[in-house]
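Enquirer: Just so it is clear, I am handing over data_36.cif, which has mmCIF, N, CA and C atoms.
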```cif
data_data
loop_
_atom_site.label_atom_id
_atom_site.label_comp_id
_atom_site.auth_asym_id
_atom_site.auth_seq_id
_atom_site.Cartn_x
_atom_site.Cartn_y
_atom_site.Cartn_z
N MET A 14 145.31 114.43 106.51
CA MET A 14 144.74 113.14 106.20
C MET A 14 144.41 112.39 107.48
N ARG A 15 143.37 111.63 107.40
CA ARG A 15 142.95 110.86 108.56
C ARG A 15 143.62 109.49 108.53
N THR A 16 143.87 109.00 109.71
CA THR A 16 144.46 107.67 109.81
C THR A 16 143.39 106.62 109.64
N ARG A 17 143.82 105.41 109.48
CA ARG A 17 142.87 104.30 109.29
C ARG A 17 142.00 104.10 110.54
N LEU A 18 142.59 104.28 111.73
CA LEU A 18 141.84 104.13 112.97
C LEU A 18 140.74 105.19 113.08
N GLU A 19 141.06 106.43 112.71
CA GLU A 19 140.04 107.48 112.75
C GLU A 19 138.92 107.20 111.76
N LEU A 20 139.26 106.71 110.58
CA LEU A 20 138.24 106.37 109.59
C LEU A 20 137.36 105.23 110.07
N ASP A 21 137.96 104.22 110.73
CA ASP A 21 137.16 103.11 111.27
C ASP A 21 136.21 103.59 112.35
N ARG A 22 136.68 104.49 113.22
CA ARG A 22 135.82 105.02 114.28
C ARG A 22 134.67 105.83 113.68
N LEU A 23 134.97 106.64 112.68
CA LEU A 23 133.94 107.45 112.02
C LEU A 23 132.91 106.55 111.35
N GLU A 24 133.37 105.51 110.69
CA GLU A 24 132.46 104.58 110.02
C GLU A 24 131.59 103.84 111.03
N THR A 25 132.18 103.43 112.15
CA THR A 25 131.42 102.75 113.20
C THR A 25 130.36 103.68 113.77
N HIS A 26 130.73 104.95 114.01
CA HIS A 26 129.78 105.93 114.54
C HIS A 26 128.62 106.16 113.57
N GLN A 27 128.93 106.28 112.27
CA GLN A 27 127.88 106.47 111.28
C GLN A 27 126.97 105.25 111.19
N THR A 28 127.55 104.05 111.32
CA THR A 28 126.75 102.83 111.29
C THR A 28 125.82 102.77 112.50
N GLU A 29 126.32 103.16 113.67
CA GLU A 29 125.48 103.18 114.87
C GLU A 29 124.35 104.19 114.74
N GLU A 30 124.64 105.35 114.15
CA GLU A 30 123.59 106.35 113.94
C GLU A 30 122.53 105.82 112.99
N ALA A 31 122.95 105.16 111.92
CA ALA A 31 121.99 104.61 110.96
C ALA A 31 121.13 103.54 111.62
N LEU A 32 121.72 102.72 112.48
CA LEU A 32 120.96 101.69 113.19
C LEU A 32 119.95 102.32 114.14
N THR A 33 120.36 103.40 114.82
CA THR A 33 119.45 104.10 115.72
C THR A 33 118.28 104.70 114.95
N VAL A 34 118.56 105.30 113.80
CA VAL A 34 117.51 105.89 112.98
C VAL A 34 116.56 104.79 112.49
N GLN A 35 117.09 103.65 112.09
CA GLN A 35 116.24 102.54 111.64
C GLN A 35 115.36 102.05 112.78
N LYS A 36 115.91 101.93 113.97
CA LYS A 36 115.11 101.49 115.11
C LYS A 36 113.97 102.47 115.38
N ARG A 37 114.27 103.77 115.30
CA ARG A 37 113.24 104.78 115.53
C ARG A 37 112.15 104.71 114.45
N GLN A 38 112.56 104.48 113.22
CA GLN A 38 111.57 104.38 112.14
C GLN A 38 110.68 103.17 112.33
N VAL A 39 111.26 102.04 112.71
CA VAL A 39 110.47 100.83 112.94
C VAL A 39 109.53 101.04 114.11
N LEU A 40 110.00 101.68 115.17
CA LEU A 40 109.15 101.95 116.32
C LEU A 40 108.01 102.88 115.95
N ALA A 41 108.30 103.92 115.19
CA ALA A 41 107.25 104.86 114.78
C ALA A 41 106.22 104.18 113.89
N LEU A 42 106.67 103.36 112.96
CA LEU A 42 105.75 102.66 112.07
C LEU A 42 104.89 101.67 112.85
N THR A 43 105.49 100.97 113.80
CA THR A 43 104.73 100.05 114.64
C THR A 43 103.68 100.80 115.44
N LEU A 44 104.05 101.95 115.98
CA LEU A 44 103.10 102.75 116.75
C LEU A 44 101.95 103.23 115.88
N VAL A 45 102.24 103.64 114.66
CA VAL A 45 101.18 104.08 113.75
C VAL A 45 100.22 102.94 113.45
N PHE A 46 100.75 101.76 113.14
CA PHE A 46 99.87 100.62 112.87
C PHE A 46 99.06 100.23 114.09
N LEU A 47 99.65 100.33 115.26
CA LEU A 47 98.93 100.00 116.48
C LEU A 47 97.78 100.99 116.71
N VAL A 48 98.05 102.27 116.52
CA VAL A 48 97.00 103.27 116.71
C VAL A 48 95.89 103.08 115.68
N VAL A 49 96.26 102.85 114.43
CA VAL A 49 95.25 102.64 113.39
C VAL A 49 94.43 101.39 113.69
N GLY A 50 95.08 100.34 114.16
CA GLY A 50 94.36 99.11 114.50
C GLY A 50 93.41 99.27 115.66
N VAL A 51 93.75 100.13 116.60
CA VAL A 51 92.89 100.36 117.75
C VAL A 51 91.75 101.30 117.41
N VAL A 52 92.03 102.31 116.59
CA VAL A 52 91.04 103.34 116.29
C VAL A 52 90.06 102.89 115.20
N ALA A 53 90.48 102.01 114.30
CA ALA A 53 89.62 101.62 113.18
C ALA A 53 88.27 101.05 113.61
N PRO A 54 88.17 100.19 114.63
CA PRO A 54 86.85 99.70 115.02
C PRO A 54 85.91 100.78 115.55
N VAL A 55 86.44 101.90 115.96
CA VAL A 55 85.60 102.99 116.47
C VAL A 55 84.67 103.50 115.37
N PHE A 56 85.16 103.48 114.13
CA PHE A 56 84.38 104.02 113.03
C PHE A 56 83.49 102.97 112.35
N ALA A 57 83.43 101.77 112.90
CA ALA A 57 82.57 100.74 112.34
C ALA A 57 81.11 101.13 112.53
N GLN A 58 80.28 100.78 111.57
CA GLN A 58 78.88 101.15 111.62
C GLN A 58 78.12 100.18 112.50
N GLU A 59 77.26 100.74 113.36
CA GLU A 59 76.43 99.89 114.22
C GLU A 59 75.16 99.51 113.49
N SER A 60 74.50 98.48 113.98
CA SER A 60 73.30 97.99 113.31
C SER A 60 72.04 98.60 113.89
N GLY A 61 72.00 99.83 114.09
CA GLY A 61 70.80 100.47 114.61
C GLY A 61 71.12 101.91 114.97
N ALA A 62 70.08 102.63 115.19
CA ALA A 62 70.27 104.03 115.53
C ALA A 62 70.70 104.15 116.99
N THR A 63 71.67 104.96 117.23
CA THR A 63 72.10 105.22 118.60
C THR A 63 71.77 106.66 118.93
N SER A 64 71.51 106.89 120.17
CA SER A 64 71.16 108.24 120.59
C SER A 64 72.42 109.09 120.71
N ALA A 65 72.20 110.37 120.75
CA ALA A 65 73.33 111.29 120.88
C ALA A 65 74.01 111.13 122.23
N ALA A 66 73.24 110.82 123.25
CA ALA A 66 73.82 110.61 124.58
C ALA A 66 74.73 109.39 124.58
N GLY A 67 74.34 108.35 123.86
CA GLY A 67 75.17 107.16 123.77
C GLY A 67 76.48 107.45 123.06
N GLU A 68 76.40 108.28 122.02
CA GLU A 68 77.62 108.66 121.30
C GLU A 68 78.55 109.46 122.20
N ILE A 69 77.98 110.39 122.95
CA ILE A 69 78.81 111.20 123.84
C ILE A 69 79.43 110.32 124.91
N GLY A 70 78.67 109.40 125.45
CA GLY A 70 79.20 108.48 126.45
C GLY A 70 80.33 107.63 125.90
N LYS A 71 80.14 107.14 124.67
CA LYS A 71 81.17 106.31 124.05
C LYS A 71 82.45 107.11 123.83
N TRP A 72 82.30 108.31 123.31
CA TRP A 72 83.49 109.12 123.04
C TRP A 72 84.15 109.61 124.32
N SER A 73 83.38 109.82 125.38
CA SER A 73 84.01 110.23 126.65
C SER A 73 84.85 109.09 127.22
N ILE A 74 84.40 107.85 127.04
CA ILE A 74 85.19 106.71 127.50
C ILE A 74 86.46 106.57 126.67
N ILE A 75 86.35 106.73 125.36
CA ILE A 75 87.53 106.63 124.50
C ILE A 75 88.52 107.75 124.83
N THR A 76 88.00 108.96 125.03
CA THR A 76 88.87 110.08 125.38
C THR A 76 89.56 109.86 126.71
N ALA A 77 88.83 109.33 127.68
CA ALA A 77 89.42 109.07 128.99
C ALA A 77 90.52 108.03 128.88
N GLY A 78 90.30 107.01 128.06
CA GLY A 78 91.33 105.99 127.87
C GLY A 78 92.59 106.55 127.24
N PHE A 79 92.43 107.36 126.21
CA PHE A 79 93.61 107.96 125.57
C PHE A 79 94.31 108.93 126.52
N ALA A 80 93.55 109.70 127.27
CA ALA A 80 94.17 110.64 128.22
C ALA A 80 94.98 109.89 129.26
N LEU A 81 94.45 108.79 129.75
CA LEU A 81 95.17 108.01 130.75
C LEU A 81 96.42 107.38 130.15
N ALA A 82 96.33 106.93 128.92
CA ALA A 82 97.51 106.33 128.26
C ALA A 82 98.60 107.38 128.06
N PHE A 83 98.22 108.56 127.58
CA PHE A 83 99.22 109.61 127.37
C PHE A 83 99.83 110.06 128.70
N ALA A 84 99.00 110.22 129.72
CA ALA A 84 99.52 110.67 131.01
C ALA A 84 100.48 109.64 131.60
N ALA A 85 100.14 108.38 131.50
CA ALA A 85 101.02 107.34 132.04
C ALA A 85 102.33 107.27 131.25
N ALA A 86 102.24 107.36 129.93
CA ALA A 86 103.45 107.26 129.11
C ALA A 86 104.38 108.44 129.35
N PHE A 87 103.85 109.65 129.29
CA PHE A 87 104.71 110.81 129.45
C PHE A 87 105.12 111.03 130.91
N GLY A 88 104.29 110.57 131.85
CA GLY A 88 104.71 110.60 133.25
C GLY A 88 105.90 109.68 133.48
N ALA A 89 105.86 108.49 132.90
CA ALA A 89 106.98 107.56 133.03
C ALA A 89 108.22 108.11 132.34
N LEU A 90 108.04 108.75 131.20
CA LEU A 90 109.17 109.36 130.50
C LEU A 90 109.79 110.48 131.34
N GLY A 91 108.96 111.31 131.94
CA GLY A 91 109.47 112.38 132.80
C GLY A 91 110.18 111.84 134.03
N GLN A 92 109.64 110.77 134.61
CA GLN A 92 110.28 110.19 135.77
C GLN A 92 111.63 109.58 135.41
N SER A 93 111.71 108.93 134.27
CA SER A 93 112.98 108.32 133.88
C SER A 93 114.04 109.38 133.59
N ARG A 94 113.64 110.46 132.95
CA ARG A 94 114.61 111.55 132.69
C ARG A 94 115.04 112.22 133.99
N GLY A 95 114.11 112.37 134.92
CA GLY A 95 114.46 112.94 136.21
C GLY A 95 115.42 112.06 136.98
N LEU A 96 115.20 110.75 136.93
CA LEU A 96 116.09 109.81 137.60
C LEU A 96 117.48 109.85 136.99
N ALA A 97 117.56 109.91 135.67
CA ALA A 97 118.86 109.96 135.01
C ALA A 97 119.59 111.25 135.38
N ALA A 98 118.89 112.36 135.40
CA ALA A 98 119.52 113.64 135.74
C ALA A 98 119.97 113.66 137.20
N ALA A 99 119.15 113.10 138.10
CA ALA A 99 119.53 113.08 139.51
C ALA A 99 120.73 112.17 139.75
N ALA A 100 120.77 111.02 139.09
CA ALA A 100 121.91 110.13 139.24
C ALA A 100 123.19 110.77 138.72
N GLU A 101 123.07 111.46 137.59
CA GLU A 101 124.24 112.16 137.04
C GLU A 101 124.69 113.29 137.96
N ALA A 102 123.75 114.02 138.53
CA ALA A 102 124.10 115.12 139.43
C ALA A 102 124.76 114.61 140.70
N ILE A 103 124.26 113.51 141.24
CA ILE A 103 124.88 112.94 142.44
C ILE A 103 126.27 112.41 142.12
N ALA A 104 126.43 111.83 140.92
CA ALA A 104 127.76 111.34 140.54
C ALA A 104 128.75 112.49 140.37
N ARG A 105 128.30 113.63 139.92
CA ARG A 105 129.19 114.78 139.75
C ARG A 105 129.53 115.46 141.07
N ASN A 106 128.54 115.51 141.96
CA ASN A 106 128.75 116.22 143.23
C ASN A 106 128.14 115.40 144.37
N PRO A 107 128.86 114.41 144.89
CA PRO A 107 128.31 113.54 145.94
C PRO A 107 127.98 114.27 147.24
N SER A 108 128.61 115.40 147.49
CA SER A 108 128.34 116.11 148.74
C SER A 108 126.94 116.75 148.75
N ALA A 109 126.35 116.95 147.58
CA ALA A 109 125.01 117.55 147.50
C ALA A 109 123.92 116.49 147.31
N SER A 110 124.24 115.25 147.65
CA SER A 110 123.30 114.16 147.36
C SER A 110 121.99 114.30 148.14
N ASN A 111 122.03 114.82 149.38
CA ASN A 111 120.79 114.96 150.15
C ASN A 111 119.84 115.96 149.51
N ASP A 112 120.39 117.10 149.08
CA ASP A 112 119.54 118.12 148.43
C ASP A 112 118.99 117.60 147.10
N ILE A 113 119.84 116.94 146.34
CA ILE A 113 119.41 116.41 145.04
C ILE A 113 118.34 115.35 145.24
N ARG A 114 118.55 114.48 146.22
CA ARG A 114 117.57 113.41 146.48
C ARG A 114 116.21 114.01 146.87
N PHE A 115 116.22 115.05 147.72
CA PHE A 115 114.97 115.69 148.12
C PHE A 115 114.25 116.28 146.92
N LEU A 116 114.98 117.02 146.09
CA LEU A 116 114.35 117.64 144.92
C LEU A 116 113.88 116.59 143.92
N PHE A 117 114.61 115.48 143.80
CA PHE A 117 114.21 114.40 142.91
C PHE A 117 112.90 113.77 143.38
N ILE A 118 112.81 113.49 144.67
CA ILE A 118 111.58 112.88 145.20
C ILE A 118 110.41 113.85 145.08
N LEU A 119 110.64 115.14 145.32
CA LEU A 119 109.59 116.14 145.15
C LEU A 119 109.11 116.18 143.70
N GLY A 120 110.04 116.14 142.75
CA GLY A 120 109.67 116.11 141.33
C GLY A 120 108.87 114.87 140.98
N LEU A 121 109.28 113.70 141.51
CA LEU A 121 108.52 112.47 141.24
C LEU A 121 107.11 112.56 141.80
N VAL A 122 106.97 113.14 142.97
CA VAL A 122 105.64 113.29 143.57
C VAL A 122 104.76 114.17 142.69
N LEU A 123 105.30 115.27 142.21
CA LEU A 123 104.50 116.17 141.38
C LEU A 123 104.13 115.52 140.04
N ILE A 124 105.05 114.79 139.43
CA ILE A 124 104.75 114.11 138.18
C ILE A 124 103.68 113.05 138.40
N GLU A 125 103.83 112.27 139.46
CA GLU A 125 102.86 111.20 139.72
C GLU A 125 101.50 111.78 140.08
N SER A 126 101.46 112.95 140.73
CA SER A 126 100.16 113.54 141.06
C SER A 126 99.41 113.93 139.79
N LEU A 127 100.12 114.38 138.76
CA LEU A 127 99.45 114.70 137.50
C LEU A 127 98.81 113.46 136.89
N VAL A 128 99.51 112.33 136.94
CA VAL A 128 98.96 111.09 136.41
C VAL A 128 97.75 110.65 137.23
N ILE A 129 97.80 110.85 138.54
CA ILE A 129 96.67 110.48 139.38
C ILE A 129 95.46 111.37 139.10
N TYR A 130 95.71 112.66 138.81
CA TYR A 130 94.60 113.54 138.44
C TYR A 130 93.93 113.07 137.15
N VAL A 131 94.72 112.66 136.19
CA VAL A 131 94.14 112.15 134.94
C VAL A 131 93.36 110.87 135.21
N LEU A 132 93.87 110.00 136.09
CA LEU A 132 93.14 108.80 136.46
C LEU A 132 91.80 109.16 137.09
N LEU A 133 91.80 110.15 137.96
CA LEU A 133 90.56 110.59 138.61
C LEU A 133 89.55 111.10 137.58
N ILE A 134 90.02 111.92 136.65
CA ILE A 134 89.13 112.44 135.61
C ILE A 134 88.62 111.30 134.73
N SER A 135 89.46 110.33 134.43
CA SER A 135 89.04 109.19 133.62
C SER A 135 87.98 108.37 134.34
N LEU A 136 88.17 108.15 135.64
CA LEU A 136 87.16 107.40 136.40
C LEU A 136 85.84 108.15 136.46
N ILE A 137 85.90 109.47 136.56
CA ILE A 137 84.66 110.27 136.53
C ILE A 137 83.96 110.09 135.19
N LEU A 138 84.73 110.13 134.09
CA LEU A 138 84.12 109.95 132.77
C LEU A 138 83.58 108.54 132.57
N PHE A 139 84.25 107.54 133.17
CA PHE A 139 83.79 106.16 133.03
C PHE A 139 82.50 105.90 133.79
N PHE A 140 82.43 106.33 135.05
CA PHE A 140 81.35 105.88 135.91
C PHE A 140 80.24 106.91 136.14
N LEU A 141 80.54 108.20 136.16
CA LEU A 141 79.50 109.18 136.46
C LEU A 141 78.80 109.70 135.23
N LYS A 142 79.43 109.58 134.07
CA LYS A 142 78.86 110.01 132.79
C LYS A 142 78.31 111.45 132.91
N PRO A 143 79.21 112.42 133.05
CA PRO A 143 78.77 113.79 133.29
C PRO A 143 78.07 114.44 132.11
N PHE A 144 78.16 113.84 130.93
CA PHE A 144 77.53 114.45 129.75
C PHE A 144 76.17 113.82 129.43
N GLY A 145 75.61 113.13 130.37
CA GLY A 145 74.27 112.58 130.20
C GLY A 145 74.22 111.27 129.43
N GLY A 146 75.32 110.51 129.42
CA GLY A 146 75.38 109.26 128.67
C GLY A 146 74.80 108.11 129.34
#
```
Just dump the structure as structure tokens.
Expert:
Amino acid sequence: MRTRLELDRLETHQTEEALTVQKRQVLALTLVFLVVGVVAPVFAQESGATSAAGEIGKWSIITAGFALAFAAAFGALGQSRGLAAAAEAIARNPSASNDIRFLFILGLVLIESLVIYVLLISLILFFLKPFGG
């Protein structure tokens, strides 16, 4: 049989898990509404005929924007996870802090370079219009 203290701890843990799940559901629902709200005007009908080049130009700008948003979001997520892992590794083994710090900075540079590449591609799509827009 479990003691009252164990039952209280179990109940508190289950309550915290339920709260975490609720927060995730609210965040996911908010994200869905935000995406739908941003994407819905894209499908609005224009008051005139547009050329195919204009459509390609418009969609290349939208694609570049989404690519930059995804790259920035997941780059930041990767950097935060790398920072957490490096801090934990240094806390476990302080004598290896120089090696860990070097590898952490190298990882941050590589992650940030990917985001910069996406920014470069987005700027090319915005200003050079490679598809004839």
Enquirer: Quick check, in Å to one decimal: how far apart do atom CA of A:Ala98 and atom CA of A:Phe117 lie?
Expert: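 Interatomic distance, atom CA of A:Ala98 to atom CA of A:Phe117: 9.0 Å.
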Enquirer: Separation of atom CA of A:Leu136 and atom CA of A:Phe79, in Å?
Expert: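 Atom CA of A:Leu136 sits 12.6 Å away from atom CA of A:Phe79.
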Enquirer: Residues within 8 Å of A:Glu125, please, as number ranges by chain. Count only C-alpha atoms; anything in the same chain fewer than 4 positions from it doesn't count.
Expert: A: 88, 121, 129
Enquirer: A:Val128: which residues within 10 Å, counting only C-alpha atoms, same-chain residues fewer than 6 positions away excluded, as an MDAnalysis selection string?
Expert: chainID A and resid 80:89 134
Enquirer: So how many Å separate atom CA of A:Ala97 and atom CA of A:Gly78, to one decimal?
Expert: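 Rounded to one decimal, the two atoms are 28.7 Å apart.
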Enquirer: Can you work out which one of A:Pro107, A:Val52, A:Gly70, A:Gln92 has the shortest atom-to-atom distance to A:Leu123, counting only C-alpha atoms?
Expert: A:Gln92
